[in-house]
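Shown below: entry.cif, with mmCIF, C-alpha atoms, pLDDT in the B column; chains and numbers go by the auth columns.
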```cif
data_my_file
#
loop_
_atom_site.group_PDB
_atom_site.id
_atom_site.type_symbol
_atom_site.label_atom_id
_atom_site.label_comp_id
_atom_site.label_asym_id
_atom_site.label_seq_id
_atom_site.Cartn_x
_atom_site.Cartn_y
_atom_site.Cartn_z
_atom_site.B_iso_or_equiv
_atom_site.auth_seq_id
_atom_site.auth_asym_id
ATOM 1 C CA MET A 1 0.000 0.000 0.000 62.00 23 A
ATOM 2 C CA PHE A 2 2.655 2.567 1.075 71.00 24 A
ATOM 3 C CA GLU A 3 6.181 2.254 -0.100 80.00 25 A
ATOM 4 C CA PRO A 4 8.954 3.258 2.298 83.00 26 A
ATOM 5 C CA LEU A 5 10.468 6.720 1.892 83.00 27 A
ATOM 6 C CA THR A 6 13.874 6.884 0.287 90.00 28 A
ATOM 7 C CA PRO A 7 16.644 9.099 1.661 89.00 29 A
ATOM 8 C CA THR A 8 16.012 11.551 -1.185 92.00 30 A
ATOM 9 C CA LYS A 9 12.354 11.894 -0.229 90.00 31 A
ATOM 10 C CA TRP A 10 13.302 12.359 3.455 90.00 32 A
ATOM 11 C CA ALA A 11 15.711 15.118 2.443 93.00 33 A
ATOM 12 C CA ALA A 12 13.028 16.807 0.313 93.00 34 A
ATOM 13 C CA LEU A 13 10.538 16.666 3.204 92.00 35 A
ATOM 14 C CA GLY A 14 13.183 18.137 5.531 93.00 36 A
ATOM 15 C CA VAL A 15 13.830 21.051 3.162 94.00 37 A
ATOM 16 C CA ILE A 16 10.106 21.716 2.836 95.00 38 A
ATOM 17 C CA ALA A 17 9.700 21.656 6.637 94.00 39 A
ATOM 18 C CA VAL A 18 12.565 24.136 7.115 94.00 40 A
ATOM 19 C CA LEU A 19 11.157 26.481 4.465 94.00 41 A
ATOM 20 C CA LEU A 20 7.703 26.317 6.024 91.00 42 A
ATOM 21 C CA ALA A 21 9.133 27.084 9.483 92.00 43 A
ATOM 22 C CA ALA A 22 11.090 30.042 8.051 88.00 44 A
ATOM 23 C CA LEU A 23 7.952 31.452 6.409 87.00 45 A
ATOM 24 C CA ILE A 24 5.994 31.171 9.645 87.00 46 A
ATOM 25 C CA PHE A 25 8.828 32.873 11.556 85.00 47 A
ATOM 26 C CA LEU A 26 9.064 35.740 9.053 80.00 48 A
ATOM 27 C CA ALA A 27 5.299 36.244 9.177 77.00 49 A
ATOM 28 C CA GLY A 28 5.514 36.511 12.981 76.00 50 A
ATOM 29 C CA VAL A 29 8.359 39.017 12.768 72.00 51 A
ATOM 30 C CA GLY A 30 6.360 41.104 10.286 66.00 52 A
ATOM 31 C CA VAL A 31 3.278 41.155 12.491 65.00 53 A
ATOM 32 C CA GLY A 32 5.320 41.859 15.649 63.00 54 A
ATOM 33 C CA SER A 33 7.266 44.742 14.140 57.00 55 A
ATOM 34 C CA HIS A 34 4.076 46.243 12.711 52.00 56 A
ATOM 35 C CA ARG A 35 2.469 46.171 16.160 49.00 57 A
ATOM 36 C CA MET A 36 5.585 47.676 17.752 47.00 58 A
ATOM 37 C CA VAL A 37 5.596 50.683 15.440 44.00 59 A
ATOM 38 C CA MET A 38 1.863 51.215 15.130 43.00 60 A
ATOM 39 C CA GLY A 39 0.650 50.129 18.579 43.00 61 A
ATOM 40 C CA PRO A 40 1.515 52.458 21.444 44.00 62 A
ATOM 41 C CA GLN A 41 2.982 55.149 19.184 44.00 63 A
ATOM 42 C CA GLU A 42 -0.012 55.683 16.962 47.00 64 A
ATOM 43 C CA GLY A 43 -0.001 59.148 15.452 47.00 65 A
ATOM 44 C CA ARG A 44 3.661 59.702 16.322 48.00 66 A
ATOM 45 C CA PRO A 45 6.685 58.696 14.243 48.00 67 A
ATOM 46 C CA PRO A 46 8.801 55.928 15.783 51.00 68 A
ATOM 47 C CA PHE A 47 11.891 57.083 17.683 53.00 69 A
ATOM 48 C CA SER A 48 15.075 55.472 16.473 57.00 70 A
ATOM 49 C CA VAL A 49 18.737 55.264 17.312 54.00 71 A
ATOM 50 C CA PHE A 50 20.993 54.759 14.296 56.00 72 A
ATOM 51 C CA GLY A 51 17.897 53.935 12.226 59.00 73 A
ATOM 52 C CA ILE A 52 16.685 51.193 14.598 59.00 74 A
ATOM 53 C CA PRO A 53 13.161 51.992 15.824 60.00 75 A
ATOM 54 C CA LEU A 54 12.670 51.811 19.575 58.00 76 A
ATOM 55 C CA PRO A 55 9.187 51.438 21.023 54.00 77 A
ATOM 56 C CA HIS A 56 7.796 54.101 23.345 53.00 78 A
ATOM 57 C CA GLY A 57 8.878 53.318 26.885 53.00 79 A
ATOM 58 C CA TYR A 58 11.871 51.271 25.696 53.00 80 A
ATOM 59 C CA ILE A 59 13.952 52.326 28.698 50.00 81 A
ATOM 60 C CA VAL A 60 11.743 51.913 31.746 47.00 82 A
ATOM 61 C CA HIS A 61 11.978 52.492 35.497 49.00 83 A
ATOM 62 C CA GLY A 62 14.741 55.082 35.298 47.00 84 A
ATOM 63 C CA HIS A 63 17.468 52.701 34.140 74.00 85 A
ATOM 64 C CA GLY A 64 18.373 54.900 31.230 81.00 86 A
ATOM 65 C CA ALA A 65 17.303 57.808 29.104 85.00 87 A
ATOM 66 C CA VAL A 66 17.517 59.109 25.573 88.00 88 A
ATOM 67 C CA GLY A 67 17.371 62.826 24.963 90.00 89 A
ATOM 68 C CA ILE A 68 19.014 66.178 24.386 92.00 90 A
ATOM 69 C CA ILE A 69 21.251 67.773 27.007 93.00 91 A
ATOM 70 C CA ALA A 70 19.536 70.868 28.432 94.00 92 A
ATOM 71 C CA SER A 71 22.228 71.783 30.973 94.00 93 A
ATOM 72 C CA VAL A 72 25.492 70.472 32.408 93.00 94 A
ATOM 73 C CA SER A 73 26.906 70.927 35.925 90.00 95 A
ATOM 74 C CA THR A 74 29.949 69.415 37.617 87.00 96 A
ATOM 75 C CA SER A 75 28.049 66.392 38.927 89.00 97 A
ATOM 76 C CA SER A 76 24.947 66.074 36.745 91.00 98 A
ATOM 77 C CA VAL A 77 23.364 66.550 33.349 93.00 99 A
ATOM 78 C CA THR A 78 19.756 67.530 32.738 93.00 100 A
ATOM 79 C CA LEU A 79 18.149 65.910 29.696 92.00 101 A
ATOM 80 C CA THR A 80 15.012 66.776 27.785 90.00 102 A
ATOM 81 C CA GLU A 81 13.459 63.522 26.578 87.00 103 A
ATOM 82 C CA ARG A 82 11.457 63.223 23.371 81.00 104 A
ATOM 83 C CA GLU A 83 8.110 63.578 25.166 80.00 105 A
ATOM 84 C CA GLY A 84 9.355 66.805 26.779 85.00 106 A
ATOM 85 C CA ASP A 85 9.996 65.240 30.196 86.00 107 A
ATOM 86 C CA THR A 86 13.100 66.305 32.110 89.00 108 A
ATOM 87 C CA GLU A 87 15.499 63.708 33.490 88.00 109 A
ATOM 88 C CA ILE A 88 18.394 64.446 35.863 90.00 110 A
ATOM 89 C CA VAL A 89 21.447 62.226 35.352 91.00 111 A
ATOM 90 C CA SER A 90 24.095 62.024 38.089 91.00 112 A
ATOM 91 C CA ILE A 91 27.688 61.730 36.922 91.00 113 A
ATOM 92 C CA SER A 92 30.434 60.166 39.041 89.00 114 A
ATOM 93 C CA PRO A 93 34.136 59.495 38.442 88.00 115 A
ATOM 94 C CA GLY A 94 33.123 55.971 37.367 87.00 116 A
ATOM 95 C CA THR A 95 30.832 57.220 34.586 89.00 117 A
ATOM 96 C CA THR A 96 32.097 56.377 31.111 87.00 118 A
ATOM 97 C CA ILE A 97 31.532 59.081 28.505 89.00 119 A
ATOM 98 C CA GLU A 98 31.819 58.098 24.843 87.00 120 A
ATOM 99 C CA SER A 99 31.689 60.407 21.846 84.00 121 A
ATOM 100 C CA PRO A 100 31.992 59.810 18.094 82.00 122 A
ATOM 101 C CA ASP A 101 35.318 61.697 17.957 80.00 123 A
ATOM 102 C CA GLY A 102 36.876 59.586 20.730 79.00 124 A
ATOM 103 C CA THR A 103 36.956 62.183 23.517 73.00 125 A
ATOM 104 C CA THR A 104 35.923 60.764 26.876 75.00 126 A
ATOM 105 C CA THR A 105 35.839 63.570 29.426 77.00 127 A
ATOM 106 C CA MET A 106 33.112 65.486 31.246 78.00 128 A
ATOM 107 C CA THR A 107 34.057 68.625 29.320 80.00 129 A
ATOM 108 C CA THR A 108 32.867 66.870 26.150 83.00 130 A
ATOM 109 C CA LEU A 109 29.229 67.235 27.269 89.00 131 A
ATOM 110 C CA ALA A 110 27.412 70.402 26.197 91.00 132 A
ATOM 111 C CA PRO A 111 23.806 71.596 25.871 93.00 133 A
ATOM 112 C CA GLY A 112 22.143 70.557 22.629 92.00 134 A
ATOM 113 C CA MET A 113 23.958 67.216 22.316 91.00 135 A
ATOM 114 C CA HIS A 114 21.935 64.070 21.724 91.00 136 A
ATOM 115 C CA VAL A 115 22.819 61.332 24.219 91.00 137 A
ATOM 116 C CA ILE A 116 21.907 57.846 25.352 89.00 138 A
ATOM 117 C CA VAL A 117 22.333 57.239 29.102 90.00 139 A
ATOM 118 C CA ILE A 118 22.527 53.854 30.790 88.00 140 A
ATOM 119 C CA GLY A 119 22.606 53.563 34.560 88.00 141 A
ATOM 120 C CA ALA A 120 20.620 52.724 37.665 85.00 142 A
ATOM 121 C CA PRO A 121 18.024 54.769 39.529 82.00 143 A
ATOM 122 C CA ASP A 122 19.015 56.377 42.802 79.00 144 A
ATOM 123 C CA GLU A 123 17.250 55.244 45.972 77.00 145 A
ATOM 124 C CA ALA A 124 14.546 57.898 45.702 75.00 146 A
ATOM 125 C CA GLN A 125 13.923 57.042 42.000 70.00 147 A
ATOM 126 C CA GLU A 126 14.464 60.728 41.141 79.00 148 A
ATOM 127 C CA ARG A 127 17.731 60.536 39.213 86.00 149 A
ATOM 128 C CA ILE A 128 19.703 58.142 37.095 87.00 150 A
ATOM 129 C CA ASN A 129 23.204 57.307 38.351 89.00 151 A
ATOM 130 C CA ALA A 130 24.903 57.066 34.971 90.00 152 A
ATOM 131 C CA SER A 131 27.369 54.294 34.244 88.00 153 A
ATOM 132 C CA LEU A 132 27.557 55.194 30.525 89.00 154 A
ATOM 133 C CA ILE A 133 26.757 58.352 28.578 90.00 155 A
ATOM 134 C CA ARG A 134 27.098 57.967 24.831 90.00 156 A
ATOM 135 C CA ILE A 135 26.948 61.041 22.591 89.00 157 A
ATOM 136 C CA VAL A 136 25.166 60.213 19.333 88.00 158 A
ATOM 137 C CA PRO A 137 24.702 62.181 16.113 84.00 159 A
ATOM 138 C CA GLU A 138 21.551 64.234 15.737 80.00 160 A
ATOM 139 C CA PRO A 139 18.833 62.098 14.142 74.00 161 A
ATOM 140 C CA PRO A 140 17.937 63.042 10.557 75.00 162 A
ATOM 141 C CA GLN A 141 14.936 65.335 10.197 72.00 163 A
ATOM 142 C CA PRO A 142 12.095 64.139 7.932 66.00 164 A
#
```
Translate this structure into structure tokens?
Amino acid sequence: MFEPLTPTKWAALGVIAVLLAALIFLAGVGVGSHRMVMGPQEGRPPFSVFGIPLPHGYIVHGHGAVGIIASVSTSSVTLTEREGDTEIVSISPGTTIESPDGTTTMTTLAPGMHVIVIGAPDEAQERINASLIRIVPEPPQP
């Protein structure tokens, strides 16, 4: 009634199964990325860093910030985030500062610069204790 499958037929079935799994995966990625861009950000263009879109609320609970430097003092930087919120970032001797031109000192920071900050919230959850401040180029304007 049924003849046994030859190694060639097993190989063909394996290739078909892999292709089918890849198509299902790509369909899921397409749906997921569409929801990410259109879901919580509806009516607002997606924010991106180096062309990679980040969903609204990507950095949560004060563990980091993305924004433009509003002011700089000897121990902190005040950022204006994309929604207009203000975030105070504490800077310590252990904070790493990176810039595209290779300079890595506190004097590199100036108002108007676009930065990404990674750190931990202070105990009162009012500031971010920065471990890394990376200066990034200004995003292209549409």
message = When you count all atoms listed in the file, which of these residues is closest to A:Val111: A:Gly124, A:Pro26, A:Pro161, A:Gly141?
response =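 Answer, going by the shortest atom-to-atom distance: A:Gly141.
Atom to atom, atom CA of A:Ile46 and atom CA of A:Ala33 stand 20.1 Å apart.
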Practice task
Write out as a PyMOL selection string which residues come within 12 Å of A:Gly134 when counting all atoms listed in the file, dropping same-chain ones fewer than 6 positions away.
Solution key: chain A and resi 89-94+99-103+157-160
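For the structure in this document, the set picked by the PyMOL selection byres ((chain A and resi 119) around 7) is A:Thr117, A:Thr118, A:Glu120, A:Ser121, A:Thr126, A:Thr127, A:Leu154, A:Ile155, A:Arg156.
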Centre and size of axis-aligned box enclosing stretch 39-45 of chain A plus 6 Å each side, as JSON:
```
{"center_x": 10.1, "center_y": 26.6, "center_z": 7.0, "size_x": 16.9, "size_y": 21.8, "size_z": 17.0}
```
Computed interatomic separation between atom CA of A:Ser95 and atom CA of A:Glu145 (Å):
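Computing it gives 21.0 Å between the two atoms.
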What does the structure give for the distance between atom CA of A:Phe47 and atom CA of A:Pro29, in Å to one decimal?
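Separating atom CA of A:Phe47 from atom CA of A:Pro29 is a distance of 26.9 Å.
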As an NGL selection string, please: the residues near A:His85 (cut-off 8 Å, only C-alpha atoms, same-chain neighbours under 5 positions excluded). :A and (140-143 or 150)
* To do: Would you write out, as a list in words, every residue that the PyMOL selection byres ((chain A and resi 87) around 7) captures in this file?
  => Ile81, Gly86, Val88, Gly89, Ile138, Val139 and Ile140 of chain A
With distances taken over all atoms listed in the file, which residue among A:Gln147, A:Thr130, A:Thr96, A:Thr28 lies nearest A:Pro115?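 Result for the nearest residue to A:Pro115: A:Thr96.
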